[in-house]
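What follows is the content of query.csv (CSV, C-alpha atoms and all ligand atoms).
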```csv
chain,number,residue,atom,x,y,z
W,41,MET,CA,-98.7,-171.4,18.9
W,42,LYS,CA,-101.9,-172.6,20.5
W,43,ARG,CA,-103.9,-171.1,17.7
W,44,ASN,CA,-101.7,-172.8,15.1
W,45,HIS,CA,-102.2,-176.1,16.9
W,46,LEU,CA,-105.9,-175.6,16.8
W,47,LEU,CA,-105.8,-174.8,13.1
W,48,LEU,CA,-103.7,-177.9,12.4
W,49,LEU,CA,-106.2,-180.0,14.3
W,50,PHE,CA,-109.1,-178.5,12.4
W,51,PHE,CA,-107.5,-179.2,9.0
W,52,THR,CA,-106.6,-182.7,10.0
W,53,LEU,CA,-110.2,-183.4,11.1
W,54,SER,CA,-111.6,-181.8,8.0
W,55,SER,CA,-109.4,-184.0,5.8
W,56,ILE,CA,-110.6,-187.1,7.6
W,57,VAL,CA,-114.2,-186.0,7.1
W,58,LEU,CA,-113.5,-185.3,3.4
W,59,LEU,CA,-111.9,-188.7,3.0
W,60,GLN,CA,-115.0,-190.3,4.3
W,61,GLN,CA,-117.2,-188.4,1.8
W,62,LYS,CA,-117.7,-190.2,-1.5
W,63,ALA,CA,-116.3,-188.4,-4.5
W,64,GLU,CA,-118.9,-189.8,-6.8
W,65,ALA,CA,-122.1,-191.7,-6.5
W,66,GLN,CA,-122.8,-195.1,-7.8
W,67,ASN,CA,-126.1,-196.5,-8.9
W,68,PRO,CA,-128.0,-197.7,-6.9
W,69,ILE,CA,-127.3,-195.1,-4.3
W,70,ILE,CA,-128.5,-197.1,-1.4
W,71,THR,CA,-127.1,-200.7,-1.1
W,72,ASP,CA,-127.7,-201.9,2.4
W,73,LYS,CA,-131.5,-202.3,1.8
W,74,TYR,CA,-134.0,-202.3,-1.0
W,75,THR,CA,-135.6,-199.0,-1.7
W,76,ALA,CA,-138.4,-198.2,-4.2
W,77,ASP,CA,-140.8,-195.5,-5.5
W,78,PRO,CA,-138.5,-192.5,-4.8
W,79,ALA,CA,-139.9,-189.0,-4.1
W,80,ALA,CA,-137.7,-186.0,-3.3
W,81,MET,CA,-138.0,-182.5,-2.1
W,82,VAL,CA,-135.5,-179.6,-1.6
W,83,TYR,CA,-135.9,-177.7,1.7
W,84,ASN,CA,-133.5,-175.3,3.2
W,85,ASP,CA,-130.8,-176.2,0.7
W,86,THR,CA,-131.0,-179.9,1.6
W,87,VAL,CA,-132.5,-182.7,-0.5
W,88,TYR,CA,-134.8,-185.1,1.3
W,89,LEU,CA,-135.3,-188.4,-0.4
W,90,TYR,CA,-138.3,-190.5,0.5
W,91,ALA,CA,-138.7,-194.2,-0.5
W,92,GLY,CA,-140.6,-197.3,0.3
W,93,LEU,CA,-138.7,-200.2,1.9
W,94,ASP,CA,-138.9,-203.4,-0.3
W,95,GLU,CA,-138.9,-206.4,2.0
W,96,CYS,CA,-139.9,-209.2,-0.4
W,97,PRO,CA,-138.2,-212.4,0.7
W,98,THR,CA,-136.1,-214.1,-2.0
W,99,GLU,CA,-138.5,-217.0,-2.2
W,100,ARG,CA,-141.4,-214.8,-3.0
W,101,ASN,CA,-142.3,-212.5,-5.9
W,102,PHE,CA,-144.7,-209.8,-4.9
W,103,TYR,CA,-144.5,-206.5,-3.1
W,104,GLU,CA,-143.9,-206.6,0.6
W,105,MET,CA,-143.7,-203.1,2.0
W,106,HIS,CA,-144.6,-201.9,5.5
W,107,GLU,CA,-142.7,-198.6,6.0
W,108,TRP,CA,-141.3,-195.6,4.3
W,109,LEU,CA,-137.8,-194.3,4.7
W,110,VAL,CA,-136.2,-190.8,4.5
W,111,TYR,CA,-132.6,-189.8,3.6
W,112,SER,CA,-131.0,-186.4,3.3
W,113,SER,CA,-128.1,-185.1,1.3
W,114,THR,CA,-126.4,-181.8,0.4
W,115,ASP,CA,-124.5,-183.1,-2.6
W,116,MET,CA,-126.8,-185.8,-4.2
W,117,VAL,CA,-124.0,-188.3,-3.6
W,118,ASN,CA,-123.6,-188.8,0.2
W,119,TRP,CA,-126.9,-189.7,1.8
W,120,THR,CA,-127.7,-189.8,5.5
W,121,GLU,CA,-130.5,-192.2,6.6
W,122,HIS,CA,-132.7,-191.0,9.4
W,123,PRO,CA,-134.9,-193.0,11.7
W,124,VAL,CA,-138.0,-194.6,10.1
W,125,PRO,CA,-140.4,-191.6,9.9
W,126,LEU,CA,-143.7,-193.4,8.9
W,127,LYS,CA,-145.1,-196.9,8.8
W,128,VAL,CA,-148.4,-198.3,7.5
W,129,SER,CA,-149.3,-199.0,11.2
W,130,ASP,CA,-149.4,-195.2,11.8
W,131,PHE,CA,-152.7,-195.2,9.8
W,132,LYS,CA,-155.3,-196.9,11.9
W,133,TRP,CA,-157.6,-197.3,8.9
W,134,ALA,CA,-155.0,-199.0,6.7
W,135,ALA,CA,-154.5,-202.8,6.3
W,136,ASP,CA,-151.0,-202.9,4.9
W,137,ASP,CA,-148.8,-201.9,1.9
W,138,ALA,CA,-146.5,-198.9,2.1
W,139,TRP,CA,-146.7,-198.1,-1.6
W,140,ALA,CA,-145.6,-194.9,-3.5
W,141,ALA,CA,-145.7,-191.6,-1.7
W,142,GLN,CA,-144.6,-188.0,-1.9
W,143,VAL,CA,-143.8,-185.3,0.7
W,144,ILE,CA,-144.3,-181.5,0.2
W,145,GLU,CA,-143.9,-178.5,2.4
W,146,LYS,CA,-146.5,-175.9,3.0
W,147,GLY,CA,-146.5,-173.2,5.7
W,148,GLY,CA,-143.7,-174.8,7.6
W,149,LYS,CA,-145.4,-178.2,7.8
W,150,PHE,CA,-144.6,-181.3,5.8
W,151,TYR,CA,-147.4,-183.3,4.2
W,152,TRP,CA,-146.8,-186.9,3.1
W,153,TYR,CA,-149.3,-188.4,0.7
W,154,ILE,CA,-149.1,-192.1,0.7
W,155,THR,CA,-150.6,-195.2,-1.0
W,156,THR,CA,-151.8,-198.1,1.1
W,157,THR,CA,-154.6,-200.7,1.2
W,158,HIS,CA,-157.8,-199.7,3.1
W,159,ALA,CA,-158.8,-202.0,5.9
W,160,THR,CA,-162.6,-201.7,5.4
W,161,ILE,CA,-163.2,-200.0,2.0
W,162,HIS,CA,-162.2,-202.5,-0.8
W,163,GLY,CA,-159.1,-201.4,-2.7
W,164,LYS,CA,-156.1,-199.2,-2.5
W,165,ALA,CA,-156.4,-195.7,-0.8
W,166,ILE,CA,-154.4,-192.5,-0.4
W,167,GLY,CA,-153.7,-191.1,3.0
W,168,VAL,CA,-151.9,-188.0,4.3
W,169,ALA,CA,-149.5,-187.7,7.2
W,170,VAL,CA,-148.1,-184.5,8.6
W,171,SER,CA,-144.9,-183.4,10.5
W,172,ASP,CA,-143.2,-180.2,11.6
W,173,SER,CA,-139.9,-181.7,10.2
W,174,PRO,CA,-139.0,-183.1,6.8
W,175,ILE,CA,-137.5,-186.1,8.6
W,176,GLY,CA,-140.5,-186.6,10.9
W,177,PRO,CA,-141.8,-188.3,12.9
W,178,PHE,CA,-145.0,-188.1,10.8
W,179,LYS,CA,-148.5,-188.8,12.1
W,180,ASP,CA,-151.8,-189.4,10.3
W,181,ALA,CA,-153.2,-185.9,9.5
W,182,LEU,CA,-156.7,-186.9,8.8
W,183,GLY,CA,-157.6,-190.1,10.8
W,184,LYS,CA,-159.1,-191.6,7.6
W,185,ALA,CA,-158.2,-191.9,3.9
W,186,LEU,CA,-158.1,-188.9,1.7
W,187,ILE,CA,-159.0,-190.9,-1.4
W,188,THR,CA,-160.8,-194.3,-1.4
W,189,ASN,CA,-161.4,-196.7,-4.3
W,190,ASP,CA,-165.1,-196.0,-4.4
W,191,MET,CA,-164.5,-192.3,-5.0
W,192,THR,CA,-163.2,-193.0,-8.6
W,193,THR,CA,-165.2,-195.3,-10.8
W,194,GLU,CA,-163.6,-194.7,-14.2
W,195,THR,CA,-162.2,-198.2,-14.1
W,196,PRO,CA,-163.4,-201.4,-12.3
W,197,ILE,CA,-160.0,-202.2,-10.9
W,198,SER,CA,-159.4,-201.8,-7.1
W,199,TRP,CA,-155.9,-200.4,-7.4
W,200,ASP,CA,-156.5,-197.3,-9.5
W,201,ASP,CA,-156.2,-194.9,-6.5
W,202,ILE,CA,-152.4,-195.1,-6.0
W,203,ASP,CA,-149.3,-193.1,-6.5
W,204,PRO,CA,-150.1,-189.6,-5.3
W,205,THR,CA,-148.0,-186.6,-6.5
W,206,VAL,CA,-148.7,-183.1,-5.2
W,207,TRP,CA,-148.0,-179.7,-6.6
W,208,ILE,CA,-148.4,-176.3,-5.1
W,209,ASP,CA,-148.8,-173.7,-7.8
W,210,ASP,CA,-147.5,-170.1,-7.9
W,211,ASN,CA,-150.9,-168.9,-6.4
W,212,ARG,CA,-150.4,-171.4,-3.5
W,213,GLN,CA,-153.3,-173.6,-4.8
W,214,ALA,CA,-152.3,-177.2,-4.2
W,215,TYR,CA,-153.1,-180.0,-6.6
W,216,LEU,CA,-153.1,-183.8,-6.2
W,217,TYR,CA,-152.5,-186.1,-9.2
W,218,TRP,CA,-152.7,-189.9,-8.8
W,219,GLY,CA,-153.9,-193.1,-10.4
W,220,ASN,CA,-153.2,-196.4,-12.0
W,221,THR,CA,-154.5,-196.9,-15.6
W,222,LYS,CA,-156.4,-193.7,-15.1
W,223,CYS,CA,-154.7,-190.4,-14.3
W,224,TYR,CA,-156.8,-188.4,-11.8
W,225,TRP,CA,-156.4,-184.9,-10.4
W,226,ALA,CA,-158.2,-182.7,-7.9
W,227,LYS,CA,-157.5,-179.5,-6.1
W,228,LEU,CA,-156.6,-179.6,-2.4
W,229,LYS,CA,-158.0,-177.1,0.2
W,230,ASP,CA,-155.6,-174.8,1.9
W,231,ASN,CA,-155.4,-177.2,4.9
W,232,MET,CA,-153.9,-179.8,2.5
W,233,ILE,CA,-156.0,-182.6,3.9
W,234,GLU,CA,-159.3,-182.2,2.0
W,235,LEU,CA,-160.2,-182.2,-1.7
W,236,ASP,CA,-161.4,-178.9,-3.0
W,237,GLY,CA,-163.8,-179.7,-5.9
W,238,PRO,CA,-164.4,-182.5,-8.3
W,239,ILE,CA,-162.0,-185.3,-9.4
W,240,HIS,CA,-160.9,-184.9,-13.0
W,241,THR,CA,-159.1,-187.2,-15.4
W,242,VAL,CA,-156.3,-186.7,-17.9
W,243,ASP,CA,-156.1,-188.8,-21.1
W,244,LEU,CA,-152.4,-189.7,-21.7
W,245,PRO,CA,-151.1,-192.4,-24.1
W,246,ASN,CA,-150.3,-195.7,-22.5
W,247,TYR,CA,-150.7,-194.2,-19.0
W,248,THR,CA,-150.0,-196.9,-16.3
W,249,GLU,CA,-149.2,-195.1,-13.0
W,250,ALA,CA,-146.6,-193.1,-11.1
W,251,PRO,CA,-147.4,-189.5,-12.1
W,252,TRP,CA,-144.9,-186.7,-11.1
W,253,ILE,CA,-145.5,-183.0,-11.6
W,254,HIS,CA,-142.7,-180.5,-12.0
W,255,LYS,CA,-142.1,-177.2,-13.6
W,256,HIS,CA,-139.2,-175.7,-15.6
W,257,GLY,CA,-139.4,-172.1,-16.8
W,258,ASP,CA,-143.0,-171.6,-17.6
W,259,ASN,CA,-143.6,-175.2,-18.6
W,260,TYR,CA,-145.4,-177.8,-16.5
W,261,TYR,CA,-144.4,-181.4,-16.9
W,262,LEU,CA,-146.5,-184.5,-16.1
W,263,SER,CA,-144.2,-187.5,-16.3
W,264,TYR,CA,-145.6,-191.0,-15.7
W,265,ALA,CA,-145.0,-194.8,-16.0
W,266,TYR,CA,-145.8,-195.8,-19.6
W,267,GLN,CA,-146.9,-199.2,-20.8
W,268,PHE,CA,-145.9,-202.4,-18.9
W,269,PRO,CA,-143.2,-203.3,-18.2
W,270,GLU,CA,-142.8,-199.6,-17.6
W,271,LYS,CA,-140.9,-196.9,-19.4
W,272,THR,CA,-141.3,-193.3,-18.3
W,273,ALA,CA,-143.0,-190.8,-20.7
W,274,TYR,CA,-144.1,-187.2,-20.3
W,275,ALA,CA,-146.5,-184.5,-21.3
W,276,MET,CA,-146.2,-180.7,-21.2
W,277,SER,CA,-148.6,-177.9,-20.5
W,278,LYS,CA,-148.6,-174.2,-19.8
W,279,SER,CA,-151.1,-174.8,-16.9
W,280,ILE,CA,-151.2,-177.2,-14.0
W,281,GLU,CA,-154.8,-178.0,-15.0
W,282,GLY,CA,-153.8,-178.8,-18.6
W,283,PRO,CA,-154.4,-179.4,-21.5
W,284,TRP,CA,-151.4,-181.8,-21.5
W,285,GLU,CA,-149.5,-182.4,-24.8
W,286,PHE,CA,-147.8,-185.8,-25.0
W,287,LYS,CA,-144.0,-185.5,-25.7
W,288,GLY,CA,-142.8,-189.0,-25.8
W,289,ILE,CA,-140.6,-191.4,-23.9
W,290,LEU,CA,-138.2,-190.0,-21.3
W,291,ASN,CA,-136.6,-193.1,-19.8
W,292,GLU,CA,-136.4,-196.7,-21.1
W,293,LEU,CA,-137.1,-199.9,-19.2
W,294,ALA,CA,-135.2,-199.8,-15.9
W,295,GLY,CA,-133.2,-202.9,-16.6
W,296,ASN,CA,-134.5,-206.0,-14.6
W,297,CYS,CA,-137.4,-204.1,-13.0
W,298,ASN,CA,-140.9,-204.1,-14.5
W,299,THR,CA,-141.8,-200.8,-12.8
W,300,ASN,CA,-140.3,-197.4,-13.4
W,301,HIS,CA,-141.0,-194.6,-10.8
W,302,GLN,CA,-139.5,-191.2,-11.1
W,303,ALA,CA,-139.0,-188.0,-9.1
W,304,ILE,CA,-137.6,-184.9,-10.8
W,305,ILE,CA,-136.0,-182.1,-8.8
W,306,ASP,CA,-133.8,-179.1,-9.3
W,307,TYR,CA,-130.8,-178.7,-7.0
W,308,LYS,CA,-127.8,-176.5,-7.1
W,309,GLY,CA,-128.3,-175.6,-10.7
W,310,LYS,CA,-128.9,-179.1,-12.1
W,311,THR,CA,-132.0,-181.2,-12.7
W,312,TYR,CA,-132.0,-184.8,-11.3
W,313,PHE,CA,-134.0,-187.8,-12.4
W,314,ILE,CA,-134.5,-190.2,-9.4
W,315,TYR,CA,-135.8,-193.6,-10.2
W,316,HIS,CA,-135.5,-197.3,-9.3
W,317,ASN,CA,-134.2,-200.5,-10.8
W,318,GLY,CA,-133.3,-204.0,-9.5
W,319,GLY,CA,-129.6,-203.1,-9.4
W,320,ILE,CA,-128.5,-204.8,-6.2
W,321,GLN,CA,-127.4,-208.3,-7.2
W,322,PRO,CA,-127.8,-211.2,-6.8
W,323,ASN,CA,-131.3,-210.7,-5.6
W,324,GLY,CA,-132.5,-207.4,-6.9
W,325,GLN,CA,-135.5,-207.4,-9.2
W,326,SER,CA,-139.0,-206.0,-9.6
W,327,PHE,CA,-139.9,-206.6,-5.9
W,328,ARG,CA,-136.5,-205.9,-4.5
W,329,ARG,CA,-135.8,-202.5,-6.0
W,330,SER,CA,-133.1,-199.8,-5.5
W,331,VAL,CA,-133.2,-196.1,-5.9
W,332,CYS,CA,-130.8,-194.5,-8.5
W,333,ILE,CA,-130.1,-191.0,-9.6
W,334,ASP,CA,-129.0,-189.6,-13.0
W,335,GLU,CA,-129.1,-186.1,-14.5
W,336,LEU,CA,-131.9,-184.8,-16.6
W,337,HIS,CA,-131.3,-182.3,-19.4
W,338,TYR,CA,-133.6,-180.1,-21.3
W,339,ASN,CA,-133.6,-179.1,-25.0
W,340,ALA,CA,-133.8,-175.4,-25.9
W,341,ASP,CA,-137.5,-175.7,-26.6
W,342,GLY,CA,-138.2,-177.1,-23.1
W,343,THR,CA,-138.6,-180.7,-24.2
W,344,ILE,CA,-136.5,-183.2,-22.2
W,345,LYS,CA,-133.6,-185.2,-23.6
W,346,ARG,CA,-133.8,-189.0,-23.1
W,347,ILE,CA,-132.4,-190.0,-19.7
W,348,ILE,CA,-129.1,-191.9,-19.8
W,349,MET,CA,-129.2,-194.4,-16.9
W,350,THR,CA,-125.6,-194.9,-15.6
W,351,SER,CA,-123.8,-197.2,-13.2
W,352,GLU,CA,-121.5,-194.4,-12.1
W,353,GLY,CA,-124.3,-192.0,-11.0
W,354,VAL,CA,-123.9,-188.3,-10.6
W,355,GLN,CA,-121.0,-186.1,-9.5
W,356,PRO,CA,-121.3,-184.3,-6.2
W,357,ALA,CA,-123.5,-181.2,-6.5
W,358,GLN,CA,-121.5,-178.0,-5.7
P,1,CA,CA,-161.2,-196.3,-7.8
```
What would the structure in this file look like if it were written as structure tokens?
Amino acid sequence: MKRNHLLLLFFTLSSIVLLQQKAEAQNPIITDKYTADPAAMVYNDTVYLYAGLDECPTERNFYEMHEWLVYSSTDMVNWTEHPVPLKVSDFKWAADDAWAAQVIEKGGKFYWYITTTHATIHGKAIGVAVSDSPIGPFKDALGKALITNDMTTETPISWDDIDPTVWIDDNRQAYLYWGNTKCYWAKLKDNMIELDGPIHTVDLPNYTEAPWIHKHGDNYYLSYAYQFPEKTAYAMSKSIEGPWEFKGILNELAGNCNTNHQAIIDYKGKTYFIYHNGGIQPNGQSFRRSVCIDELHYNADGTIKRIIMTSEGVQPAQ
């Protein structure tokens, strides 16, 4: 009898937990704050979603971002927010601006490549933070910027060194891609906090910013924000070092938001396209953005079908 009572209690509690779980997502997936520039990573069967916090007041119209956020999920629908793992103030050399960033795991450590504004070297810069946990807390891994504006001179603008994306290839060699109006890449040393060799550029049609590297089968994909206002386009290659072949538009304008910033991950047998729009109304727009998730599907030849942005979002991943 006692065992039966315990079982009954267990099933009752399980039912309550299940009732609290959302049966389907909705886009945007986070509605209690504005989130932008998503990056995501799968680690130990859990998805970690990283995003910047948009704090632009309603009377202003420009980016106000001071910290980055982390959420986790095991079904792509129910997301748990964790304590703020990283702020601009964690980088002593940074002035302000918690712009686009990406986390990757290597050797049991988590490296977070971030965009900010340098306090003493004119222009934007890329830094790297490190943690023993995907949810942090993270600390500045280098004590200085990894990339500063003066290291790349292909364009006179001071904001070309933004939007880092990182890829670790099958041979464990790590690569950093980044850039606004110019797409740059360089190898990273095994320690993940130093460049290993020269900075290269990739020529891509109408390249604006927001590169993201992923792989499917033996194809590498370089997706990026295209034109302005931004669509998402992509190129393919058989090597992480290129040459890259342009394949066209992947996602259309993200509604009322002039930027478009994607992360692409595989999880539980599906591929997900994570992006942002200005979907929280009445005040959502280009500087008060919100992260959304829809599925990504491939054609038989490895090219990608056009993303269909939905209000309903994705079904729970099984
Ligand atoms: Ca530069």
Report as CSV: every residue of chain W with an atom at most 8 Å from ligand CA 1 (chain P), its closest pair of atoms, and their distance in Å to one decimal, counting all atoms listed in the file, with rows sorted by chain and ascending residue number.
```
residue,atom,partner,partner_atom,distance
W:Gly163,CA,P:CA1,CA,7.5
W:Lys164,CA,P:CA1,CA,7.9
W:Thr188,CA,P:CA1,CA,6.7
W:Asn189,CA,P:CA1,CA,3.5
W:Asp190,CA,P:CA1,CA,5.2
W:Met191,CA,P:CA1,CA,5.9
W:Thr192,CA,P:CA1,CA,3.9
W:Thr193,CA,P:CA1,CA,5.1
W:Glu194,CA,P:CA1,CA,7.0
W:Thr195,CA,P:CA1,CA,6.7
W:Pro196,CA,P:CA1,CA,7.1
W:Ile197,CA,P:CA1,CA,6.8
W:Ser198,CA,P:CA1,CA,5.8
W:Trp199,CA,P:CA1,CA,6.7
W:Asp200,CA,P:CA1,CA,5.1
W:Asp201,CA,P:CA1,CA,5.4
```
Check which residues of range 146-241 of chain W sit at most 12 Å from range 114-122 of chain W using all atoms listed in the file, and return one row each with the closest pair of atoms and their distance in Å to one decimal, ordered by chain and rising number, as JSON lines.
```
{"residue": "W:Ser173", "atom": "CA", "partner": "W:His122", "partner_atom": "CA", "distance": 11.8}
{"residue": "W:Pro174", "atom": "CA", "partner": "W:His122", "partner_atom": "CA", "distance": 10.4}
{"residue": "W:Ile175", "atom": "CA", "partner": "W:His122", "partner_atom": "CA", "distance": 6.9}
{"residue": "W:Gly176", "atom": "CA", "partner": "W:His122", "partner_atom": "CA", "distance": 9.1}
{"residue": "W:Pro177", "atom": "CA", "partner": "W:His122", "partner_atom": "CA", "distance": 10.1}
```
Atoms kept (C-alpha atoms) for selection, written as a PDB file, in the frame of the given file:
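The resulting file, out.pdb, is reproduced below:
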```
ATOM      1  CA  SER W 173    -139.900-181.700  10.200  1.00  0.00           C
ATOM      2  CA  PRO W 174    -139.000-183.100   6.800  1.00  0.00           C
ATOM      3  CA  ILE W 175    -137.500-186.100   8.600  1.00  0.00           C
ATOM      4  CA  GLY W 176    -140.500-186.600  10.900  1.00  0.00           C
ATOM      5  CA  PRO W 177    -141.800-188.300  12.900  1.00  0.00           C
TER       6      PRO W 177
END
```
> Which polymer residues have any atom within 9 Å of an atom of Trp225 in chain W, counting all atoms listed in the file, with same-chain residues fewer than 2 positions away left out, as a list in words?
Replying inline: Tyr215, Leu216, Tyr217, Trp218, Gly219, Cys223, Lys227, Pro238, Ile239, His240, Thr241, Val242 and Glu281 of chain W
>> Need to verify the contact set: Asp85 in chain W, 9 Å, only C-alpha atoms, exclusion of same-chain residues closer than 3 positions in sequence. Can you return it as a PyMOL selection string?
In response: chain W and resi 82+114+307-308
> Neighbours of Lys132 in chain W within 10 Å (all atoms listed in the file; same-chain residues fewer than 6 positions away dropped), as a PyMOL selection string?
Replying inline: chain W and resi 158-159+180+183-185
Atoms to include: C-alpha atoms. Write the selected residues as a PDB file, in the frame of the given file.
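What ended up in out15.pdb:
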```
ATOM      1  CA  HIS W 158    -157.800-199.700   3.100  1.00  0.00           C
ATOM      2  CA  ALA W 159    -158.800-202.000   5.900  1.00  0.00           C
ATOM      3  CA  ASP W 180    -151.800-189.400  10.300  1.00  0.00           C
ATOM      4  CA  GLY W 183    -157.600-190.100  10.800  1.00  0.00           C
ATOM      5  CA  LYS W 184    -159.100-191.600   7.600  1.00  0.00           C
ATOM      6  CA  ALA W 185    -158.200-191.900   3.900  1.00  0.00           C
TER       7      ALA W 185
END
```
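For the atom pair formed by CA of Asn339 in chain W and CA of Ser279 in chain W, the distance is 19.8 Å, given to one decimal.
By chain and then residue number, the residues within 12 Å of Tyr83 in chain W are Tyr88, Leu89, Ser112, Ser113, Thr114, Val143, Ile144, Glu145, Lys146, Gly148, Lys149, Phe150, Ser173, Pro174, Ile175, Ile305, Asp306 and Tyr307 of chain W, counting all atoms listed in the file and disregarding those fewer than 5 positions away in sequence.
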Some atoms are absent from range 302-317 of chain W, so rebuild N, CA and C atoms and return them as a compact mmCIF listing (two decimals), in the coordinates of the input.
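In the end it all went to rebuild_13.txt:
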```
# COMPACT_ATOMS: atom_id res chain seq x y z
N GLN W 302 -140.43 -192.29 -11.10
CA GLN W 302 -139.50 -191.20 -11.10
C GLN W 302 -139.90 -190.03 -10.19
N ALA W 303 -138.86 -189.34 -9.71
CA ALA W 303 -139.00 -188.00 -9.10
C ALA W 303 -138.04 -187.11 -9.80
N ILE W 304 -138.45 -185.88 -10.03
CA ILE W 304 -137.60 -184.90 -10.80
C ILE W 304 -137.49 -183.66 -9.94
N ILE W 305 -136.25 -183.29 -9.59
CA ILE W 305 -136.00 -182.10 -8.80
C ILE W 305 -134.87 -181.27 -9.35
N ASP W 306 -134.89 -179.97 -9.06
CA ASP W 306 -133.80 -179.10 -9.30
C ASP W 306 -132.97 -178.92 -8.05
N TYR W 307 -131.64 -178.95 -8.15
CA TYR W 307 -130.80 -178.70 -7.00
C TYR W 307 -129.45 -178.20 -7.39
N LYS W 308 -129.07 -177.08 -6.81
CA LYS W 308 -127.80 -176.50 -7.10
C LYS W 308 -127.47 -176.37 -8.57
N GLY W 309 -128.46 -175.91 -9.32
CA GLY W 309 -128.30 -175.60 -10.70
C GLY W 309 -128.40 -176.73 -11.70
N LYS W 310 -128.71 -177.94 -11.19
CA LYS W 310 -128.90 -179.10 -12.10
C LYS W 310 -130.29 -179.69 -11.85
N THR W 311 -130.73 -180.47 -12.83
CA THR W 311 -132.00 -181.20 -12.70
C THR W 311 -131.66 -182.68 -12.55
N TYR W 312 -132.30 -183.35 -11.60
CA TYR W 312 -132.00 -184.80 -11.30
C TYR W 312 -133.25 -185.63 -11.58
N PHE W 313 -133.00 -186.79 -12.15
CA PHE W 313 -134.00 -187.80 -12.40
C PHE W 313 -133.74 -188.95 -11.43
N ILE W 314 -134.65 -189.15 -10.50
CA ILE W 314 -134.50 -190.20 -9.40
C ILE W 314 -135.48 -191.28 -9.73
N TYR W 315 -135.00 -192.52 -9.75
CA TYR W 315 -135.80 -193.60 -10.20
C TYR W 315 -135.42 -194.90 -9.48
N HIS W 316 -135.92 -196.03 -9.88
CA HIS W 316 -135.50 -197.30 -9.30
C HIS W 316 -135.25 -198.33 -10.33
N ASN W 317 -134.37 -199.29 -10.00
CA ASN W 317 -134.20 -200.50 -10.80
C ASN W 317 -133.98 -201.66 -9.88
```
